[in-house]
$ cat structure-v3.txt   # compact mmCIF, C-alpha atoms
# COMPACT_ATOMS: atom_id res chain seq x y z
CA MET A 30 32.78 -6.60 -29.05
CA GLY A 31 31.71 -3.19 -27.93
CA PRO A 32 31.21 -1.93 -24.41
CA ILE A 33 28.45 -3.48 -22.35
CA ARG A 34 25.54 -1.13 -21.98
CA THR A 35 23.65 -1.04 -18.74
CA ARG A 36 20.15 0.23 -18.37
CA ARG A 37 19.23 2.19 -15.33
CA LEU A 38 15.75 1.54 -13.96
CA SER A 39 13.77 4.41 -12.52
CA ARG A 40 12.72 4.26 -8.89
CA GLN A 41 9.10 4.18 -9.99
CA LYS A 42 9.71 1.06 -12.10
CA ILE A 43 11.58 -0.59 -9.25
CA ARG A 44 8.78 0.23 -6.80
CA ARG A 45 6.11 -1.02 -9.20
CA ALA A 46 8.06 -4.24 -9.76
CA SER A 47 8.44 -4.63 -5.98
CA ALA A 48 4.70 -4.16 -5.54
CA VAL A 49 3.95 -6.80 -8.15
CA CYS A 50 6.43 -9.24 -6.58
CA ALA A 51 4.93 -8.66 -3.14
CA ALA A 52 1.45 -9.12 -4.56
CA VAL A 53 2.40 -12.38 -6.25
CA LEU A 54 4.09 -13.75 -3.13
CA PHE A 55 1.22 -12.78 -0.88
CA SER A 56 -1.33 -14.13 -3.34
CA ALA A 57 0.45 -17.48 -3.44
CA ALA A 58 0.62 -17.61 0.36
CA ALA A 59 -3.06 -16.64 0.66
CA SER A 60 -4.07 -19.29 -1.85
CA ALA A 61 -2.08 -21.93 0.01
CA GLN A 62 -3.97 -21.01 3.19
CA GLY A 63 -7.34 -21.13 1.44
CA LEU A 64 -7.84 -17.37 1.52
CA SER A 65 -9.15 -15.54 -1.51
CA SER A 66 -6.25 -14.49 -3.66
CA MET A 67 -5.35 -11.03 -4.83
CA SER A 68 -6.60 -9.59 -8.05
CA GLN A 69 -4.69 -10.08 -11.27
CA GLY A 70 -3.06 -7.19 -13.06
CA TRP A 71 -2.10 -3.72 -11.90
CA VAL A 72 -5.14 -2.98 -9.73
CA PHE A 73 -6.47 -4.49 -6.54
CA GLY A 74 -9.92 -6.06 -6.66
CA GLU A 75 -10.52 -6.07 -2.91
CA GLN A 76 -13.21 -3.71 -1.67
CA GLY A 77 -13.34 -2.13 1.78
CA GLY A 78 -10.55 -1.10 4.10
CA GLU A 79 -10.44 -4.33 6.07
CA ALA A 80 -10.13 -6.51 2.96
CA LEU A 81 -7.48 -4.26 1.42
CA TYR A 82 -5.47 -4.22 4.64
CA ALA A 83 -5.71 -8.00 5.03
CA HIS A 84 -4.77 -8.79 1.42
CA VAL A 85 -2.30 -5.99 0.67
CA CYS A 86 -0.89 -4.26 3.75
CA ALA A 87 -0.71 -7.10 6.28
CA ALA A 88 1.90 -8.96 4.24
CA CYS A 89 4.49 -6.43 5.40
CA HIS A 90 2.92 -4.52 8.29
CA GLN A 91 1.55 -7.79 9.77
CA PRO A 92 -2.08 -8.69 10.55
CA ASP A 93 -1.86 -6.94 13.93
CA ALA A 94 -0.20 -3.86 12.33
CA LYS A 95 2.76 -4.12 14.70
CA GLY A 96 5.28 -4.23 11.86
CA ALA A 97 8.21 -6.56 11.42
CA VAL A 98 11.97 -6.64 11.10
CA GLY A 99 13.73 -9.19 8.96
CA ALA A 100 14.84 -8.87 5.36
CA ALA A 101 13.62 -5.30 5.68
CA SER A 102 12.08 -3.13 8.36
CA TYR A 103 8.31 -2.71 8.11
CA PRO A 104 7.04 -0.02 10.46
CA ALA A 105 4.20 -0.58 12.87
CA LEU A 106 0.91 1.11 12.04
CA ALA A 107 -0.57 0.23 15.43
CA GLU A 108 -0.85 3.25 17.72
CA ASP A 109 1.03 5.34 15.15
CA LYS A 110 0.90 9.08 15.88
CA ASN A 111 1.89 9.80 12.26
CA LEU A 112 -1.54 8.56 11.20
CA ALA A 113 -3.14 11.60 12.86
CA SER A 114 -2.48 13.31 9.53
CA ALA A 115 -4.48 11.77 6.71
CA GLU A 116 -2.25 13.72 4.31
CA TYR A 117 0.77 11.86 5.68
CA VAL A 118 -0.87 8.51 4.91
CA GLU A 119 -1.93 9.72 1.43
CA THR A 120 1.65 10.76 0.67
CA ILE A 121 3.05 7.38 1.67
CA LEU A 122 0.34 5.51 -0.23
CA PHE A 123 0.85 7.52 -3.45
CA SER A 124 4.60 8.11 -3.35
CA GLY A 125 5.90 5.14 -1.41
CA ARG A 126 8.68 5.38 1.13
CA ARG A 127 11.89 3.43 1.47
CA ALA A 128 10.99 -0.20 0.64
CA MET A 129 7.26 0.49 0.30
CA PRO A 130 6.11 0.95 -3.28
CA ALA A 131 3.42 3.47 -4.23
CA LEU A 132 0.56 1.02 -3.80
CA GLY A 133 -2.02 3.80 -4.08
CA SER A 134 -1.45 3.83 -7.83
CA MET A 135 -2.99 0.34 -7.87
CA MET A 136 -6.15 1.45 -6.02
CA SER A 137 -9.24 3.38 -6.97
CA ASP A 138 -10.01 6.59 -5.09
CA GLN A 139 -12.59 4.73 -2.99
CA GLN A 140 -10.18 1.87 -2.19
CA ALA A 141 -7.48 4.33 -1.11
CA ALA A 142 -9.95 6.20 1.11
CA ASP A 143 -11.22 2.94 2.60
CA VAL A 144 -7.81 1.58 3.53
CA ILE A 145 -6.63 4.94 4.90
CA ASN A 146 -9.76 5.21 7.05
CA TYR A 147 -9.34 1.61 8.19
CA VAL A 148 -5.77 1.94 9.47
CA ARG A 149 -6.59 5.30 11.06
CA THR A 150 -9.48 3.80 13.07
CA HIS A 151 -8.11 0.37 14.00
CA PHE A 152 -5.05 -1.11 15.75
CA GLY A 153 -5.23 1.39 18.63
CA ASN A 154 -5.58 4.37 16.27
CA GLU A 155 -8.59 6.58 16.90
CA TYR A 156 -8.41 9.21 14.18
CA ARG A 157 -12.07 9.57 13.22
CA ASP A 158 -11.86 12.37 10.62
CA GLU A 159 -12.65 10.35 7.51
CA VAL A 160 -11.06 10.72 4.12
CA SER A 161 -13.47 10.58 1.17
CA ALA A 162 -12.93 9.36 -2.38
CA ALA A 163 -13.22 13.03 -3.44
CA ASP A 164 -10.37 13.92 -1.04
CA ILE A 165 -8.25 11.19 -2.62
CA GLU A 166 -9.06 12.39 -6.13
CA ALA A 167 -7.95 15.92 -5.18
CA ALA A 168 -4.77 14.60 -3.53
CA ARG A 169 -3.94 12.56 -6.65
CA ARG A 170 -4.37 15.61 -8.88
CA GLN A 171 -2.09 17.62 -6.62
CA SER A 172 0.59 14.90 -6.46
CA GLY A 173 0.28 13.75 -10.07
CA SER A 174 -0.49 10.16 -8.99
CA ALA A 175 -2.83 8.40 -11.40
CA PRO A 176 -5.37 5.86 -10.09
$ encode --input "structure-v3.txt" --output "structure tokens"
Amino acid sequence: MGPIRTRRLSRQKIRRASAVCAAVLFSAAASAQGLSSMSQGWVFGEQGGEALYAHVCAACHQPDAKGAVGAASYPALAEDKNLASAEYVETILFSGRRAMPALGSMMSDQQAADVINYVRTHFGNEYRDEVSAADIEAARRQSGSAP
């Protein structure tokens, strides 16, 4: 027998797998509660910031956006001064951060804009300068993040 070969997974693959696992778990929980379940595949079917937040983001950041601590630490988005910068939110959505996968790669430009605008204008956040789908498209081109 020869040496055992190990295969090293890239961070992007690990993040994508984490996103899929989170999506599956949340979808199962939503179905059990009678909520509409998440879309199948590598893209989200929800439309509008509120629906995306409820079906994607709230699983970790909580429905009230106050975050949670448990198996991991999920930061609060409520009254978050970091959200003053739409570019900050775009970066997190497209690149991920710590345990958060790059969920923006599973959203259209319009979906990304909608969910960014939603969290920036709800939960005690009052950042009214809206992000458009065109802004997201430009940010993706600059970061190399495909929709």
$ residues_around --input "structure-v3.txt" --residues "stretch 168-171 of chain A" --least-positions-apart "4" --cutoff "12 Å" --atoms "all atoms listed in the file" --output "list in words"
Ala115, Glu116, Tyr117, Val118, Glu119, Thr120, Ile121, Leu122, Phe123, Ser124, Ala131, Gly133, Ser134, Met136, Ser137, Asp138, Ala141, Ala142, Val160, Ser161, Ala162, Ala163, Asp164, Ala175 and Pro176 of chain A
$ atom_distance --input "structure-v3.txt" --atom1 "atom CA of A:Gly77" --atom2 "atom CA of A:Gln140"
6.5 Å
$ closest_residue --input "structure-v3.txt" --among "A:Ile165, A:Ala113, A:Met129, A:Val148" --to "A:Pro92" --atoms "all atoms listed in the file"
A:Val148
$ closest_residue --input "structure-v3.txt" --among "A:Ser102, A:Ser114, A:Gln139, A:Ser172" --to "A:Arg157" --atoms "only C-alpha atoms"
A:Ser114
$ closest_residue --input "structure-v3.txt" --among "A:Ala167, A:Ile145, A:Met135, A:Leu112" --to "A:Tyr82" --atoms "all atoms listed in the file"
A:Ile145
$ atom_distance --input "structure-v3.txt" --atom1 "atom CA of A:Gly78" --atom2 "atom CA of A:Asp143"
4.4 Å
$ atom_distance --input "structure-v3.txt" --atom1 "atom CA of A:Asp158" --atom2 "atom CA of A:Ala94"
20.1 Å
$ closest_residue --input "structure-v3.txt" --among "A:Val144, A:Ala100, A:Cys86, A:Lys110" --to "A:Glu159" --atoms "only C-alpha atoms"
A:Val144
$ closest_residue --input "structure-v3.txt" --among "A:Arg127, A:Val85, A:Ala107, A:Lys95" --to "A:Gly153" --atoms "all atoms listed in the file"
A:Ala107
$ closest_residue --input "structure-v3.txt" --among "A:Arg149, A:Gly173, A:Glu166, A:Gln76" --to "A:Glu108" --atoms "all atoms listed in the file"
A:Arg149
$ axis_aligned_box --input "structure-v3.txt" --around "stretch 168-174 of chain A" --padding-each-side "5 Å" --output "lines of an AutoDock Vina configuration file"
center_x = -2.1
center_y = 13.9
center_z = -6.8
size_x = 15.4
size_y = 17.5
size_z = 16.5
